[in-house]
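Notes to accompany the following structure.
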There are 2 protein chains.
Amino acid sequence: MARTAGSHSDITGPRVLDAALRLFARHGYAAVSMRQIAKEVGVQAGALYNYTPDKQSLLFDLMKRHMEDLLAERAKHRGAGSALEQLEDFTRFHIRYHLDRSDEVFIAYMELRNLTPENFAEIEALRRDYENELEAILRQGEEEGVFAPADTRIETMAVIAMLTGVTTWYRAEGRLSAGEVERIYWDMVRKAVSV
Amino acid sequence: MARTAGSHSDITGPRVLDAALRLFARHGYAAVSMRQIAKEVGVQAGALYNYTPDKQSLLFDLMKRHMEDLLAERAKHRGAGSALEQLEDFTRFHIRYHLDRSDEVFIAYMELRNLTPENFAEIEALRRDYENELEAILRQGEEEGVFAPADTRIETMAVIAMLTGVTTWYRAEGRLSAGEVERIYWDMVRKAVSV
DNA sequence: GTCTATATGGTGATAGAC
DNA sequence: GTCTATCACCATATAGAC
């Protein structure tokens with residue numbers, strides 16, 4: 001299975017995705033040309049097609065990789081402790097993960113309409129899986145009587161929107177550390193859903 | 001000042017902006033061509049340039065109109081009652097206004113990076129003015145002792161992100177009326193910022 | 001695996017007839 | 001005010017040499 005000596009496919013492939021990630025996040029999928037991506041990688045445009053069948057696949061692969069990684073990381077935290085502990089864990093995880101991957105998050109939210117219908121459906125299903133993680137925690141908390149009875153689905157969407165919003169203003173060089181931001185948001189989330 | 005009889009500039013001009021609004025919201029600024037806009041209006045592409053100097057101005061005018069209208073509507077509500085009453089008013093206004101203008105809101109959030117630097121600065125300043133409306137209410141509530149002392153700026157961003165999030169899932173034909181959504185979100189906002 | 005060259009068609013914007 | 005025609009350029013994707 002070893003590749004021919006001198007083959008660069010092991011390194012050029014990832015570099016194509018990395019360049020697409022940066023450029024799509026900065027300028028938007030529709031505004032970025034394959035020639036720009038090629039220039040960033042350091043090859044001619046035609047060479048990109050050794051690594052992707054087309055431009056759409058670059059976008060889809062980036063979004064799918066992001067969502068699957070998000071779900072995999074979240075799965076490592078699942079299922080321990082009370083609803084309150086789990087909600088704090090989810091809140092802090094969500095903020096930390098999203099602050100660490102601002103490019104991926106930006107694309108995942110902004111470029112949905114540039115996916116083909118089939119690709120869109122697949123990404124949406126993964127997003128729904130992630131939302132359900134939070135919804136399950138809120139439901140458990142309501143059953144435990146520690147969270148206020150509410151429209152759990154809407155509560156879920158509201159909390160995720162609030163948390164994801166950090167990516168629009170947070171700057172690593174700003175006055176707050178990620179840990180302080182986590183604490184502030186956890187304070188608001190806890191109060192918002194409690195009895 | 002009356003225009004020549006038969007002139008259509010009074011109606012074609014707004015129709016150009018309307019078509020751009022719908023198409024930009026649906027497909028994104030970069031993905032929409034002047035020919036598509038012209039087709040939607042029912043003229044040839046060249047005729048559009050009687051109403052706009054270029055494509056960028058279409059985007060900027062849409063965003064500026066949206067932000068100025070938002071600020072003007074908000075100004076009608078300002079300044080009456082306690083901080084708690086004002087916060088409820090702001091919350092319900094924000095949700096109602098944003099649900100009524102999903103296309104404008106979508107563009108205002110998604111197309112910032114397609115503005116020229118000068119245009120971006122102008123829109124950002126208007127957005128900041130709007131955020132300051134909420135921040136002033138939160139500050140007043142903290143002074144009154146009815147809201148918990150907190151990082152008011154972050155609280156502001158968190159609340160706006162949560163409220164604006166309704167536009168991503170709300171459907172007029174869904175199970176909830178706009179009024180019910182307002183009440184649910186107001187419940188969460190009130191608890192999140194209270195002592 | 002990467003290159004150059006190319007096929008095919010779309011882009012924003014303008015000029016000048018009517 | 002709108003049209004047709006056009007300019008100069010850029011798009012994605014492919015073919016075939018090396």
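Identifiers for the structure tokens are assigned positionally: chains receive A, B, ... in sequence, residues are indexed from 1 per chain, and ligands are indexed from 1 in the order shown.
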Please check the contacts: residues of chain D at most 12 Å away from chain A, using only C-alpha atoms (C1' of nucleotides), listed as a VMD selection string.
chain D and resid 10 to 15
What lies within 12 Å of Tyr170 (chain B) using only C-alpha atoms (C1' of nucleotides), ignoring chain neighbours under 2 positions off, as a list of chain:residue names?
A:Arg153, A:Ile154, A:Met157, A:Ala158, B:Ile95, B:Arg96, B:His98, B:Leu99, B:Asp100, B:Ser102, B:Leu163, B:Thr164, B:Gly165, B:Val166, B:Thr167, B:Thr168, B:Ala172, B:Glu173, B:Gly174, B:Arg175, B:Leu176, B:Ser177, B:Ala178, B:Glu180, B:Val181, B:Glu182
Using only C-alpha atoms (C1' of nucleotides), find each residue in chain C having at least one atom no more than 12 Å away from chain A; report its shortest atom-to-atom pair and that distance in Å (one decimal), rows by chain then rising number, as a Markdown table.
```
| residue | atom | partner | partner_atom | distance |
| --- | --- | --- | --- | --- |
| C:DG1 | C1' | A:Ser7 | CA | 7.3 |
| C:DT2 | C1' | A:Ala47 | CA | 5.9 |
| C:DC3 | C1' | A:Gln44 | CA | 7.5 |
| C:DT4 | C1' | A:Gln44 | CA | 9.5 |
| C:DA5 | C1' | A:Gly46 | CA | 10.8 |
| C:DT6 | C1' | A:Gly46 | CA | 11.8 |
```
Export all heavy atoms of the chosen residues as a short mmCIF file (atom, residue, chain, number, x, y, z; two decimals), in the first residue's frame?
```cif
data_model
loop_
_atom_site.label_atom_id
_atom_site.label_comp_id
_atom_site.auth_asym_id
_atom_site.auth_seq_id
_atom_site.Cartn_x
_atom_site.Cartn_y
_atom_site.Cartn_z
P DG C 1 -0.56 10.61 -7.13
OP1 DG C 1 0.23 10.02 -6.15
OP2 DG C 1 -1.75 10.39 -7.81
"O5'" DG C 1 0.11 11.99 -7.65
"C5'" DG C 1 1.50 12.09 -7.56
"C4'" DG C 1 1.92 13.43 -8.09
"O4'" DG C 1 2.18 13.34 -9.52
"C3'" DG C 1 0.89 14.54 -7.92
"O3'" DG C 1 1.64 15.70 -7.58
"C2'" DG C 1 0.24 14.67 -9.29
"C1'" DG C 1 1.35 14.23 -10.22
N9 DG C 1 0.90 13.50 -11.42
C8 DG C 1 -0.14 12.62 -11.56
N7 DG C 1 -0.24 12.14 -12.77
C5 DG C 1 0.80 12.74 -13.47
C6 DG C 1 1.20 12.62 -14.83
O6 DG C 1 0.68 11.92 -15.72
N1 DG C 1 2.32 13.41 -15.12
C2 DG C 1 2.96 14.19 -14.21
N2 DG C 1 4.01 14.88 -14.66
N3 DG C 1 2.59 14.32 -12.95
C4 DG C 1 1.51 13.58 -12.65
P DT C 2 1.05 17.07 -7.25
OP1 DT C 2 1.82 17.63 -6.12
OP2 DT C 2 -0.41 16.91 -7.14
"O5'" DT C 2 1.36 17.97 -8.52
"C5'" DT C 2 2.72 18.17 -8.89
"C4'" DT C 2 2.78 18.70 -10.30
"O4'" DT C 2 2.32 17.69 -11.22
"C3'" DT C 2 1.89 19.91 -10.56
"O3'" DT C 2 2.70 21.08 -10.68
"C2'" DT C 2 1.18 19.60 -11.88
"C1'" DT C 2 1.88 18.36 -12.38
N1 DT C 2 1.02 17.44 -13.16
C2 DT C 2 1.29 17.22 -14.48
O2 DT C 2 2.23 17.74 -15.06
N3 DT C 2 0.44 16.35 -15.13
C4 DT C 2 -0.65 15.71 -14.58
O4 DT C 2 -1.34 14.96 -15.26
C5 DT C 2 -0.90 15.99 -13.19
C7 DT C 2 -2.07 15.35 -12.49
C6 DT C 2 -0.06 16.83 -12.54
P DC C 3 2.11 22.46 -11.16
OP1 DC C 3 2.99 23.51 -10.62
OP2 DC C 3 0.67 22.48 -10.87
"O5'" DC C 3 2.28 22.43 -12.76
"C5'" DC C 3 3.60 22.37 -13.31
"C4'" DC C 3 3.53 22.17 -14.81
"O4'" DC C 3 2.87 20.91 -15.07
"C3'" DC C 3 2.70 23.22 -15.54
"O3'" DC C 3 3.53 24.27 -16.00
"C2'" DC C 3 2.09 22.46 -16.71
"C1'" DC C 3 2.14 21.00 -16.29
N1 DC C 3 0.80 20.38 -16.06
C2 DC C 3 0.21 19.63 -17.07
O2 DC C 3 0.81 19.52 -18.16
N3 DC C 3 -1.00 19.06 -16.86
C4 DC C 3 -1.61 19.20 -15.69
N4 DC C 3 -2.79 18.60 -15.52
C5 DC C 3 -1.03 19.97 -14.62
C6 DC C 3 0.16 20.54 -14.86
P DT C 4 2.88 25.62 -16.50
OP1 DT C 4 3.95 26.63 -16.57
OP2 DT C 4 1.66 25.86 -15.69
"O5'" DT C 4 2.39 25.26 -17.97
"C5'" DT C 4 3.32 24.75 -18.94
"C4'" DT C 4 2.58 24.46 -20.23
"O4'" DT C 4 1.59 23.41 -20.00
"C3'" DT C 4 1.81 25.65 -20.80
"O3'" DT C 4 1.98 25.67 -22.22
"C2'" DT C 4 0.37 25.37 -20.39
"C1'" DT C 4 0.31 23.85 -20.40
N1 DT C 4 -0.69 23.25 -19.46
C2 DT C 4 -1.54 22.29 -19.92
O2 DT C 4 -1.56 21.89 -21.07
N3 DT C 4 -2.42 21.80 -18.97
C4 DT C 4 -2.50 22.17 -17.64
O4 DT C 4 -3.32 21.66 -16.89
C5 DT C 4 -1.56 23.19 -17.23
C7 DT C 4 -1.56 23.65 -15.81
C6 DT C 4 -0.70 23.68 -18.15
P DA C 5 1.37 26.87 -23.10
OP1 DA C 5 2.31 27.09 -24.22
OP2 DA C 5 1.02 27.98 -22.20
"O5'" DA C 5 0.03 26.23 -23.68
"C5'" DA C 5 0.07 24.90 -24.19
"C4'" DA C 5 -1.34 24.50 -24.60
"O4'" DA C 5 -2.06 23.97 -23.46
"C3'" DA C 5 -2.19 25.65 -25.15
"O3'" DA C 5 -2.82 25.23 -26.35
"C2'" DA C 5 -3.17 25.94 -24.02
"C1'" DA C 5 -3.33 24.57 -23.37
N9 DA C 5 -3.71 24.60 -21.97
C8 DA C 5 -3.22 25.43 -20.98
N7 DA C 5 -3.75 25.23 -19.80
C5 DA C 5 -4.66 24.20 -20.01
C6 DA C 5 -5.56 23.53 -19.16
N6 DA C 5 -5.67 23.81 -17.87
N1 DA C 5 -6.32 22.55 -19.70
C2 DA C 5 -6.19 22.27 -21.01
N3 DA C 5 -5.39 22.83 -21.91
C4 DA C 5 -4.65 23.80 -21.35
P DT C 6 -3.74 26.27 -27.19
OP1 DT C 6 -3.56 25.98 -28.61
OP2 DT C 6 -3.57 27.62 -26.63
"O5'" DT C 6 -5.18 25.72 -26.77
"C5'" DT C 6 -5.39 24.31 -26.73
"C4'" DT C 6 -6.76 24.03 -26.14
"O4'" DT C 6 -6.72 24.16 -24.69
"C3'" DT C 6 -7.86 24.99 -26.61
"O3'" DT C 6 -8.93 24.22 -27.11
"C2'" DT C 6 -8.25 25.75 -25.35
"C1'" DT C 6 -7.94 24.72 -24.28
N1 DT C 6 -7.76 25.27 -22.89
C2 DT C 6 -8.46 24.68 -21.86
O2 DT C 6 -9.21 23.74 -22.02
N3 DT C 6 -8.23 25.25 -20.63
C4 DT C 6 -7.41 26.31 -20.33
O4 DT C 6 -7.29 26.73 -19.19
C5 DT C 6 -6.71 26.88 -21.47
C7 DT C 6 -5.80 28.04 -21.26
C6 DT C 6 -6.92 26.34 -22.69
#
```
For chain A against chain B, which residues fall within 7 Å using only C-alpha atoms, given as a list in words?
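Using only C-alpha atoms, chain A residues at most 7 Å from chain B: His27, Ala30, Ala31, Met110, Arg113, Ala158, Val159, Ala161, Met162, Gly165, Met188, Val189, Lys191, Ala192 and Val193 of chain A.
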Can you tell me which residues surround DA8 (chain D) at a distance of at most 12 Å, considering only C-alpha atoms (C1' of nucleotides), apart from same-chain residues fewer than 4 positions away, and format the answer as a ChimeraX atom specification?
/C:11-14
Could the residues in this selection be written to a file with N, CA and C atoms (P, O5', C5', C4', C3', O3' and C1' of nucleotides), as a PDB file, in the first residue's frame?
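What landed in result-v8.pdb:
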```
ATOM      1  P    DT C  11     -23.336  34.733 -14.863  1.00  0.00           P
ATOM      2  O5'  DT C  11     -22.170  35.810 -14.738  1.00  0.00           O
ATOM      3  C5'  DT C  11     -21.042  35.544 -13.897  1.00  0.00           C
ATOM      4  C4'  DT C  11     -20.103  36.737 -13.925  1.00  0.00           C
ATOM      5  C3'  DT C  11     -20.795  38.080 -14.006  1.00  0.00           C
ATOM      6  O3'  DT C  11     -21.125  38.520 -12.707  1.00  0.00           O
ATOM      7  C1'  DT C  11     -18.899  37.980 -15.501  1.00  0.00           C
ATOM      8  P    DG C  12     -22.070  39.759 -12.484  1.00  0.00           P
ATOM      9  O5'  DG C  12     -21.111  40.996 -12.781  1.00  0.00           O
ATOM     10  C5'  DG C  12     -20.003  41.228 -11.943  1.00  0.00           C
ATOM     11  C4'  DG C  12     -19.281  42.470 -12.406  1.00  0.00           C
ATOM     12  C3'  DG C  12     -20.117  43.739 -12.372  1.00  0.00           C
ATOM     13  O3'  DG C  12     -19.286  44.829 -11.958  1.00  0.00           O
ATOM     14  C1'  DG C  12     -19.451  43.308 -14.603  1.00  0.00           C
ATOM     15  P    DA C  13     -19.977  46.298 -11.736  1.00  0.00           P
ATOM     16  O5'  DA C  13     -19.792  46.986 -13.156  1.00  0.00           O
ATOM     17  C5'  DA C  13     -18.472  47.113 -13.681  1.00  0.00           C
ATOM     18  C4'  DA C  13     -18.537  47.558 -15.123  1.00  0.00           C
ATOM     19  C3'  DA C  13     -19.381  48.811 -15.375  1.00  0.00           C
ATOM     20  O3'  DA C  13     -18.515  49.861 -15.772  1.00  0.00           O
ATOM     21  C1'  DA C  13     -19.720  47.138 -17.045  1.00  0.00           C
ATOM     22  P    DT C  14     -19.077  51.329 -16.065  1.00  0.00           P
ATOM     23  O5'  DT C  14     -19.127  51.348 -17.655  1.00  0.00           O
ATOM     24  C5'  DT C  14     -17.980  50.896 -18.376  1.00  0.00           C
ATOM     25  C4'  DT C  14     -18.244  50.970 -19.864  1.00  0.00           C
ATOM     26  C3'  DT C  14     -18.926  52.253 -20.348  1.00  0.00           C
ATOM     27  O3'  DT C  14     -18.168  52.750 -21.445  1.00  0.00           O
ATOM     28  C1'  DT C  14     -20.058  50.352 -21.184  1.00  0.00           C
TER      29       DT C  14
END
```
